file coords_24.txt (compact mmCIF, C-alpha atoms)
# COMPACT_ATOMS: atom_id res chain seq x y z
CA MET V 148 -13.77 -1.23 -17.63
CA SER V 149 -10.58 -2.57 -19.21
CA ALA V 150 -10.32 -5.98 -20.88
CA GLY V 151 -10.82 -8.87 -18.52
CA GLU V 152 -12.11 -6.69 -15.71
CA ARG V 153 -14.93 -8.21 -13.67
CA LYS V 154 -17.22 -7.12 -10.88
CA TYR V 155 -19.06 -9.11 -8.28
CA THR V 156 -21.73 -7.93 -5.84
CA ASN V 157 -23.66 -9.23 -2.84
CA GLY V 158 -26.14 -6.36 -2.98
CA GLU V 159 -24.30 -4.40 -0.28
CA ILE V 160 -20.84 -3.95 -1.81
CA THR V 161 -19.30 -4.53 -5.25
CA VAL V 162 -15.83 -6.11 -5.58
CA TYR V 163 -13.87 -5.12 -8.69
CA TRP V 164 -11.25 -7.46 -10.18
CA LYS V 165 -8.55 -6.25 -12.59
CA PRO V 166 -6.46 -9.30 -13.58
CA ASP V 167 -3.79 -7.19 -15.29
CA ALA V 168 -2.94 -5.48 -12.00
CA CYS V 169 -2.52 -8.71 -10.01
CA ILE V 170 1.01 -9.46 -8.75
CA HIS V 171 0.00 -12.73 -7.09
CA ALA V 172 0.52 -11.66 -3.53
CA THR V 173 -2.12 -14.36 -2.81
CA TYR V 174 -3.50 -12.66 0.31
CA CYS V 175 -7.06 -12.99 -1.02
CA PHE V 176 -7.19 -16.74 -1.30
CA ARG V 177 -4.85 -17.47 1.58
CA GLU V 178 -7.10 -15.43 3.85
CA LEU V 179 -10.52 -16.21 2.38
CA ILE V 180 -10.65 -19.23 0.07
CA GLU V 181 -14.43 -19.37 0.65
CA VAL V 182 -14.79 -16.19 -1.42
CA PHE V 183 -11.61 -16.06 -3.53
CA ASP V 184 -10.84 -19.44 -5.09
CA PRO V 185 -8.61 -19.30 -8.21
CA GLY V 186 -9.57 -22.89 -9.04
CA ARG V 187 -13.30 -22.12 -9.32
CA ARG V 188 -15.29 -20.32 -12.04
CA PRO V 189 -16.35 -17.68 -11.31
CA TRP V 190 -13.44 -17.41 -8.91
CA VAL V 191 -15.19 -14.89 -6.63
CA ASP V 192 -18.21 -16.07 -4.63
CA MET V 193 -19.70 -13.12 -2.76
CA LYS V 194 -21.92 -15.47 -0.73
CA GLY V 195 -18.85 -17.13 0.81
CA ALA V 196 -18.41 -14.67 3.71
CA PRO V 197 -20.04 -11.68 5.43
CA THR V 198 -19.51 -8.21 3.90
CA ASP V 199 -17.12 -6.99 6.63
CA THR V 200 -14.88 -10.05 6.17
CA ILE V 201 -14.75 -9.52 2.39
CA ILE V 202 -13.87 -5.83 2.90
CA LYS V 203 -11.05 -6.77 5.31
CA VAL V 204 -9.46 -9.16 2.82
CA VAL V 205 -9.91 -6.92 -0.24
CA ASN V 206 -8.14 -4.17 1.75
CA MET V 207 -5.09 -6.49 2.06
CA CYS V 208 -4.60 -6.49 -1.73
CA PRO V 209 -1.33 -4.56 -2.28
CA THR V 210 -2.34 -3.52 -5.80
CA GLU V 211 -5.60 -2.38 -7.27
CA ALA V 212 -6.30 -5.81 -8.68
CA LEU V 213 -9.02 -6.11 -6.03
CA ALA V 214 -11.01 -3.10 -4.88
CA TRP V 215 -14.45 -2.56 -3.44
CA LYS V 216 -17.20 0.05 -3.22
CA TRP V 217 -20.42 0.37 -1.31
CA ASN V 218 -23.38 -0.04 -3.65
CA ASP V 219 -24.95 2.88 -1.75
CA GLU V 220 -22.81 5.64 -3.33
CA SER V 221 -23.35 8.06 -0.42
CA LYS V 222 -21.45 5.67 1.91
CA ASN V 223 -18.34 5.88 -0.32
CA HIS V 224 -17.74 9.46 0.82
CA GLU V 225 -17.45 8.40 4.47
CA ILE V 226 -14.21 6.46 4.05
CA GLY V 227 -11.15 7.27 6.18
CA PRO V 228 -7.38 6.89 5.72
CA ALA V 229 -7.35 3.47 7.45
CA GLN V 230 -9.14 1.90 4.50
CA THR V 231 -6.09 2.08 2.26
CA ASN V 232 -7.21 -0.10 -0.59
CA HIS V 233 -10.59 1.57 -0.75
CA ILE V 234 -8.95 5.01 -0.80
CA LYS V 235 -6.65 4.09 -3.70
CA PHE V 236 -9.76 3.27 -5.64
CA ARG V 237 -12.21 5.93 -4.49
CA ARG V 238 -10.06 8.87 -3.31
CA PRO V 239 -6.61 8.69 -4.99
CA GLU V 240 -5.87 12.32 -4.04
CA LEU V 241 -5.56 11.30 -0.38
CA LEU V 242 -2.64 9.01 -1.20
CA GLU V 243 -0.50 11.51 -3.10
CA ASP V 244 1.80 12.34 -0.18
CA GLU V 245 2.36 8.73 0.69
CA ALA V 246 3.02 7.72 -2.91
CA THR V 247 5.80 10.27 -3.39
CA ARG V 248 7.57 9.72 -0.06
CA GLU V 249 11.07 8.29 0.03
CA THR V 250 10.96 4.88 1.61
CA GLU V 251 13.71 2.73 3.04
CA ILE V 252 11.80 -0.45 3.77
CA PRO V 253 13.94 -3.59 4.14
CA VAL V 254 13.19 -6.42 1.72
CA THR V 255 11.71 -9.47 3.42
CA VAL V 256 11.59 -12.97 1.96
CA LYS V 257 9.06 -15.23 3.68
CA ILE V 258 8.86 -18.98 3.23
CA MET V 259 5.17 -19.67 3.83
CA VAL V 260 4.14 -22.89 5.59
CA ASP V 261 3.58 -25.48 2.82
CA GLY V 262 3.22 -22.51 0.48
CA PRO V 263 5.01 -19.97 -1.71
CA ILE V 264 7.98 -17.64 -1.26
CA VAL V 265 6.60 -14.15 -0.58
CA ILE V 266 9.10 -11.36 -1.39
CA LYS V 267 8.16 -7.90 -0.16
CA GLY V 268 9.80 -4.50 -0.68
CA THR V 269 11.69 -2.87 -3.55
CA PHE V 270 13.79 -5.22 -5.66
CA GLU V 271 14.73 -6.33 -9.15
CA LEU V 272 12.99 -9.44 -10.48
CA THR V 273 14.42 -11.40 -13.42
CA TYR V 274 12.54 -14.34 -14.94
CA LYS V 275 13.81 -16.06 -18.10
CA GLY V 276 16.01 -13.05 -18.76
CA ASN V 277 13.16 -10.52 -18.48
CA LYS V 278 13.97 -7.94 -15.83
CA LYS V 279 11.47 -5.76 -14.00
CA VAL V 280 11.64 -3.58 -10.90
CA ILE V 281 9.12 -4.21 -8.12
CA THR V 282 8.66 -1.03 -6.10
CA ASP V 283 7.37 -1.17 -2.53
CA SER V 284 5.16 -4.12 -3.35
CA LEU V 285 5.25 -7.90 -3.21
CA VAL V 286 5.22 -11.07 -5.27
CA SER V 287 4.53 -14.72 -4.42
CA ILE V 288 6.80 -17.27 -6.10
CA CYS V 289 5.63 -20.87 -6.56
CA ARG V 290 7.57 -23.39 -4.46
CA CYS V 291 5.58 -26.56 -5.26
CA GLY V 292 6.26 -26.64 -9.01
CA ALA V 293 2.57 -27.07 -9.89
CA SER V 294 1.49 -23.48 -10.61
CA ASP V 295 0.01 -22.79 -14.04
CA ILE V 296 1.22 -19.18 -13.91
CA GLN V 297 4.97 -19.71 -13.31
CA PRO V 298 6.95 -18.29 -11.66
CA TYR V 299 4.05 -17.04 -9.52
CA CYS V 300 1.90 -18.93 -7.03
CA ASP V 301 -1.68 -19.68 -8.09
CA GLY V 302 -2.67 -21.73 -5.05
CA GLN V 303 -2.08 -25.16 -6.61
CA HIS V 304 0.00 -26.20 -3.56
CA ARG V 305 -3.27 -26.64 -1.66
CA LYS V 306 -4.50 -29.19 -4.22
CA THR V 307 -1.22 -31.06 -4.65
CA GLY V 308 -0.66 -31.39 -0.91
CA PHE V 309 2.74 -29.71 -1.02
CA THR V 310 4.80 -29.81 2.17
CA GLY V 311 8.23 -28.35 2.70
CA MET H 1244 32.12 4.16 -2.14
CA GLU H 1245 28.50 5.06 -1.52
CA GLU H 1246 27.58 3.78 -4.96
CA ASN H 1247 29.27 0.44 -4.30
CA LYS H 1248 27.40 0.08 -1.06
CA ASP H 1249 24.10 0.75 -2.80
CA THR H 1250 24.83 -1.81 -5.48
CA GLU H 1251 25.68 -4.46 -2.90
CA SER H 1252 22.59 -3.86 -0.78
CA LYS H 1253 20.20 -3.71 -3.74
CA VAL H 1254 18.12 -6.85 -3.76
CA LYS H 1255 18.05 -8.95 -6.93
CA VAL H 1256 15.71 -11.89 -7.46
CA GLU H 1257 16.64 -14.15 -10.37
CA ILE H 1258 14.51 -17.10 -11.38
CA GLU H 1259 15.88 -19.73 -13.72
CA ASP H 1260 13.49 -21.57 -16.01
CA MET H 1261 12.92 -24.95 -14.29
CA GLY H 1262 15.44 -23.94 -11.63
CA PRO H 1263 15.77 -22.29 -8.23
CA VAL H 1264 15.16 -18.70 -7.13
CA LYS H 1265 18.42 -16.86 -6.48
CA ILE H 1266 18.14 -13.88 -4.14
CA THR H 1267 21.11 -11.61 -3.48
CA GLY H 1268 21.54 -8.38 -1.52
CA LYS H 1269 20.39 -7.09 1.82
CA PHE H 1270 17.21 -8.89 2.84
CA ILE H 1271 15.65 -10.74 5.76
CA LEU H 1272 14.78 -14.41 5.20
CA LYS H 1273 11.89 -15.54 7.41
CA ASP H 1274 11.16 -19.24 7.22
CA LEU H 1275 7.72 -19.61 8.77
CA GLN H 1276 7.80 -23.37 8.27
CA ARG H 1277 10.94 -23.87 10.37
CA GLY H 1278 10.72 -20.75 12.52
CA THR H 1279 14.06 -19.23 11.51
CA GLU H 1280 15.05 -15.67 10.62
CA THR H 1281 18.37 -14.88 8.95
CA SER H 1282 20.09 -12.31 6.71
CA PRO H 1283 22.10 -14.59 4.42
CA GLY H 1284 23.09 -12.08 1.69
CA GLU H 1285 22.57 -14.78 -0.93
CA VAL H 1286 20.30 -17.82 -1.15
CA LEU H 1287 19.13 -20.37 -3.68
CA LEU H 1288 15.55 -21.42 -2.91
CA CYS H 1289 14.01 -24.61 -4.29
CA THR H 1290 10.97 -24.29 -6.56
CA CYS H 1291 10.71 -27.90 -7.78
CA ARG H 1292 9.86 -29.60 -4.43
CA ARG H 1293 12.61 -32.20 -4.96
CA THR H 1294 15.22 -30.72 -2.64
CA LEU H 1295 16.28 -32.69 0.42
CA THR H 1296 17.22 -29.47 2.23
CA PRO H 1297 14.09 -27.27 2.04
CA PRO H 1298 13.64 -24.38 1.53
CA PHE H 1299 17.08 -24.36 -0.11
CA CYS H 1300 18.02 -25.75 -3.51
CA ASP H 1301 20.35 -28.79 -3.42
CA ARG H 1302 20.51 -29.16 -7.22
CA SER H 1303 18.16 -32.18 -7.17
CA HIS H 1304 16.35 -30.62 -10.15
CA GLU H 1305 19.39 -31.39 -12.31
CA LYS H 1306 18.92 -35.14 -11.78
CA LYS H 1307 16.53 -37.07 -14.00
CA ALA H 1308 13.21 -37.83 -12.35
call {"tool": "encode", "arguments": {"input": "coords_24.txt", "output": "structure tokens"}}
result
Amino acid sequence: MSAGERKYTNGEITVYWKPDACIHATYCFRELIEVFDPGRRPWVDMKGAPTDTIIKVVNMCPTEALAWKWNDESKNHEIGPAQTNHIKFRRPELLEDEATRETEIPVTVKIMVDGPIVIKGTFELTYKGNKKVITDSLVSICRCGASDIQPYCDGQHRKTGFTG
Amino acid sequence: MEENKDTESKVKVEIEDMGPVKITGKFILKDLQRGTETSPGEVLLCTCRRTLTPPFCDRSHEKKA
């Protein structure tokens, strides 16, 4: 495991967390605050929801910041292409074709209700003069001004009662 | 000509320190709060919650609190 990496289990599955890979898409806590709460320590509570619900939300993670495995290793070989996140983690060879394909996906900018700006697609991101290219992925930009991880959203808008 | 077209459509997101998010290029802006969908080509989005015209910046951040 790399520095800062954590794992959490409920006995049935293990959820792996790699903070360095997180791009603050915020799907995890927007979908399942009962399990993924950035304001709590530890921030993942595996007792907060049933296993199938946790799997569904971990699969939404666009990076490998969150991934999961069955604790029963034999079940990990039964996975299919629909379980994208799980495949990236367990069977990277199945994604090779998709990863190299030429994509022409339009960039979308979503203003979330009382929440962040979610920018999805391939674009150039410049913050304080530092430029980086986001490829076929997404970022969530804080709109309430209260995030501790500027310019990204860390869910503070829920606590500060942001509207707008 | 093709190169110019590519440069224009390429999406750039620029975030000022303590300022708005500027987005330029070919993108779709979906405002889920107000139920609108547009392709503005360029926008300045507020990140300080002080704007009177959300989600857009109205330069309120330049005024003293």
call {"tool": "closest_atom_pairs", "arguments": {"input": "coords_24.txt", "of": "chain V", "to": "chain H", "cutoff": "7 Å", "atoms": "only C-alpha atoms", "output": "CSV"}}
result
residue,atom,partner,partner_atom,distance
V:Pro253,CA,H:Phe1270,CA,6.4
V:Val254,CA,H:Phe1270,CA,4.8
V:Thr255,CA,H:Ile1271,CA,4.8
V:Val256,CA,H:Leu1272,CA,4.8
V:Lys257,CA,H:Lys1273,CA,4.7
V:Ile258,CA,H:Asp1274,CA,4.6
V:Met259,CA,H:Leu1275,CA,5.6
V:Val260,CA,H:Gln1276,CA,4.6
V:Phe270,CA,H:Val1254,CA,5.0
V:Glu271,CA,H:Lys1255,CA,4.8
V:Leu272,CA,H:Val1256,CA,4.7
V:Thr273,CA,H:Glu1257,CA,4.7
V:Tyr274,CA,H:Ile1258,CA,4.9
V:Lys275,CA,H:Asp1260,CA,5.9
V:Cys289,CA,H:Thr1290,CA,6.3
V:Arg290,CA,H:Thr1290,CA,4.1
V:Cys291,CA,H:Arg1292,CA,5.3
V:Gly292,CA,H:Cys1291,CA,4.8
V:Gly311,CA,H:Pro1297,CA,6.0
call {"tool": "atom_distance", "arguments": {"input": "coords_24.txt", "atom1": "atom CA of V:Pro197", "atom2": "atom CA of V:Lys222"}}
result
17.8 Å
call {"tool": "residues_around", "arguments": {"input": "coords_24.txt", "residues": "V:Leu285", "least_positions_apart": "5", "cutoff": "10 Å", "atoms": "only C-alpha atoms", "output": "number ranges by chain"}}
result
V: 170-173, 209-210, 254-256, 265-270
call {"tool": "write_last_selection", "arguments": {"input": "coords_24.txt", "atoms": "C-alpha atoms", "output": "mmCIF file, in the frame of the given file"}}
result
data_model
loop_
_atom_site.group_PDB
_atom_site.id
_atom_site.type_symbol
_atom_site.label_atom_id
_atom_site.label_comp_id
_atom_site.auth_asym_id
_atom_site.auth_seq_id
_atom_site.Cartn_x
_atom_site.Cartn_y
_atom_site.Cartn_z
ATOM 1 C CA ILE V 170 1.010 -9.460 -8.750
ATOM 2 C CA HIS V 171 0.000 -12.730 -7.090
ATOM 3 C CA ALA V 172 0.520 -11.660 -3.530
ATOM 4 C CA THR V 173 -2.120 -14.360 -2.810
ATOM 5 C CA PRO V 209 -1.330 -4.560 -2.280
ATOM 6 C CA THR V 210 -2.340 -3.520 -5.800
ATOM 7 C CA VAL V 254 13.190 -6.420 1.720
ATOM 8 C CA THR V 255 11.710 -9.470 3.420
ATOM 9 C CA VAL V 256 11.590 -12.970 1.960
ATOM 10 C CA VAL V 265 6.600 -14.150 -0.580
ATOM 11 C CA ILE V 266 9.100 -11.360 -1.390
ATOM 12 C CA LYS V 267 8.160 -7.900 -0.160
ATOM 13 C CA GLY V 268 9.800 -4.500 -0.680
ATOM 14 C CA THR V 269 11.690 -2.870 -3.550
ATOM 15 C CA PHE V 270 13.790 -5.220 -5.660
#
call {"tool": "atom_distance", "arguments": {"input": "coords_24.txt", "atom1": "atom CA of V:Thr307", "atom2": "atom CA of V:Phe183"}}
result
18.3 Å
call {"tool": "residues_around", "arguments": {"input": "coords_24.txt", "residues": "V:Asn218", "least_positions_apart": "3", "cutoff": "8 Å", "atoms": "only C-alpha atoms", "output": "MDAnalysis selection string"}}
result
chainID V and resid 158:161
call {"tool": "atom_distance", "arguments": {"input": "coords_24.txt", "atom1": "atom CA of V:Lys194", "atom2": "atom CA of V:Ala214"}}
result
17.0 Å
call {"tool": "residues_around", "arguments": {"input": "coords_24.txt", "residues": "stretch 175-178 of chain V", "least_positions_apart": "3", "cutoff": "12 Å", "atoms": "all atoms listed in the file", "output": "PDB file with C-alpha atoms, in the frame of the given file"}}
result
ATOM      1  CA  TRP V 164     -11.250  -7.460 -10.180  1.00  0.00           C
ATOM      2  CA  CYS V 169      -2.520  -8.710 -10.010  1.00  0.00           C
ATOM      3  CA  ILE V 170       1.010  -9.460  -8.750  1.00  0.00           C
ATOM      4  CA  HIS V 171       0.000 -12.730  -7.090  1.00  0.00           C
ATOM      5  CA  ALA V 172       0.520 -11.660  -3.530  1.00  0.00           C
ATOM      6  CA  GLU V 181     -14.430 -19.370   0.650  1.00  0.00           C
ATOM      7  CA  VAL V 182     -14.790 -16.190  -1.420  1.00  0.00           C
ATOM      8  CA  PHE V 183     -11.610 -16.060  -3.530  1.00  0.00           C
ATOM      9  CA  ASP V 184     -10.840 -19.440  -5.090  1.00  0.00           C
ATOM     10  CA  PRO V 185      -8.610 -19.300  -8.210  1.00  0.00           C
ATOM     11  CA  GLY V 186      -9.570 -22.890  -9.040  1.00  0.00           C
ATOM     12  CA  ARG V 187     -13.300 -22.120  -9.320  1.00  0.00           C
ATOM     13  CA  TRP V 190     -13.440 -17.410  -8.910  1.00  0.00           C
ATOM     14  CA  VAL V 191     -15.190 -14.890  -6.630  1.00  0.00           C
ATOM     15  CA  ASP V 192     -18.210 -16.070  -4.630  1.00  0.00           C
ATOM     16  CA  GLY V 195     -18.850 -17.130   0.810  1.00  0.00           C
ATOM     17  CA  ALA V 196     -18.410 -14.670   3.710  1.00  0.00           C
ATOM     18  CA  THR V 200     -14.880 -10.050   6.170  1.00  0.00           C
ATOM     19  CA  ILE V 201     -14.750  -9.520   2.390  1.00  0.00           C
ATOM     20  CA  ILE V 202     -13.870  -5.830   2.900  1.00  0.00           C
ATOM     21  CA  LYS V 203     -11.050  -6.770   5.310  1.00  0.00           C
ATOM     22  CA  VAL V 204      -9.460  -9.160   2.820  1.00  0.00           C
ATOM     23  CA  VAL V 205      -9.910  -6.920  -0.240  1.00  0.00           C
ATOM     24  CA  ASN V 206      -8.140  -4.170   1.750  1.00  0.00           C
ATOM     25  CA  MET V 207      -5.090  -6.490   2.060  1.00  0.00           C
ATOM     26  CA  CYS V 208      -4.600  -6.490  -1.730  1.00  0.00           C
ATOM     27  CA  PRO V 209      -1.330  -4.560  -2.280  1.00  0.00           C
ATOM     28  CA  THR V 210      -2.340  -3.520  -5.800  1.00  0.00           C
ATOM     29  CA  ALA V 212      -6.300  -5.810  -8.680  1.00  0.00           C
ATOM     30  CA  LEU V 213      -9.020  -6.110  -6.030  1.00  0.00           C
ATOM     31  CA  ALA V 214     -11.010  -3.100  -4.880  1.00  0.00           C
ATOM     32  CA  MET V 259       5.170 -19.670   3.830  1.00  0.00           C
ATOM     33  CA  VAL V 260       4.140 -22.890   5.590  1.00  0.00           C
ATOM     34  CA  ASP V 261       3.580 -25.480   2.820  1.00  0.00           C
ATOM     35  CA  GLY V 262       3.220 -22.510   0.480  1.00  0.00           C
ATOM     36  CA  PRO V 263       5.010 -19.970  -1.710  1.00  0.00           C
ATOM     37  CA  SER V 287       4.530 -14.720  -4.420  1.00  0.00           C
ATOM     38  CA  CYS V 300       1.900 -18.930  -7.030  1.00  0.00           C
ATOM     39  CA  ASP V 301      -1.680 -19.680  -8.090  1.00  0.00           C
ATOM     40  CA  GLY V 302      -2.670 -21.730  -5.050  1.00  0.00           C
ATOM     41  CA  GLN V 303      -2.080 -25.160  -6.610  1.00  0.00           C
ATOM     42  CA  HIS V 304       0.000 -26.200  -3.560  1.00  0.00           C
ATOM     43  CA  ARG V 305      -3.270 -26.640  -1.660  1.00  0.00           C
TER      44      ARG V 305
END
call {"tool": "closest_residue", "arguments": {"input": "coords_24.txt", "among": "V:Leu179, V:Ile288, V:Met193, V:Ala168", "to": "V:Ile264", "atoms": "only C-alpha atoms"}}
result
V:Ile288
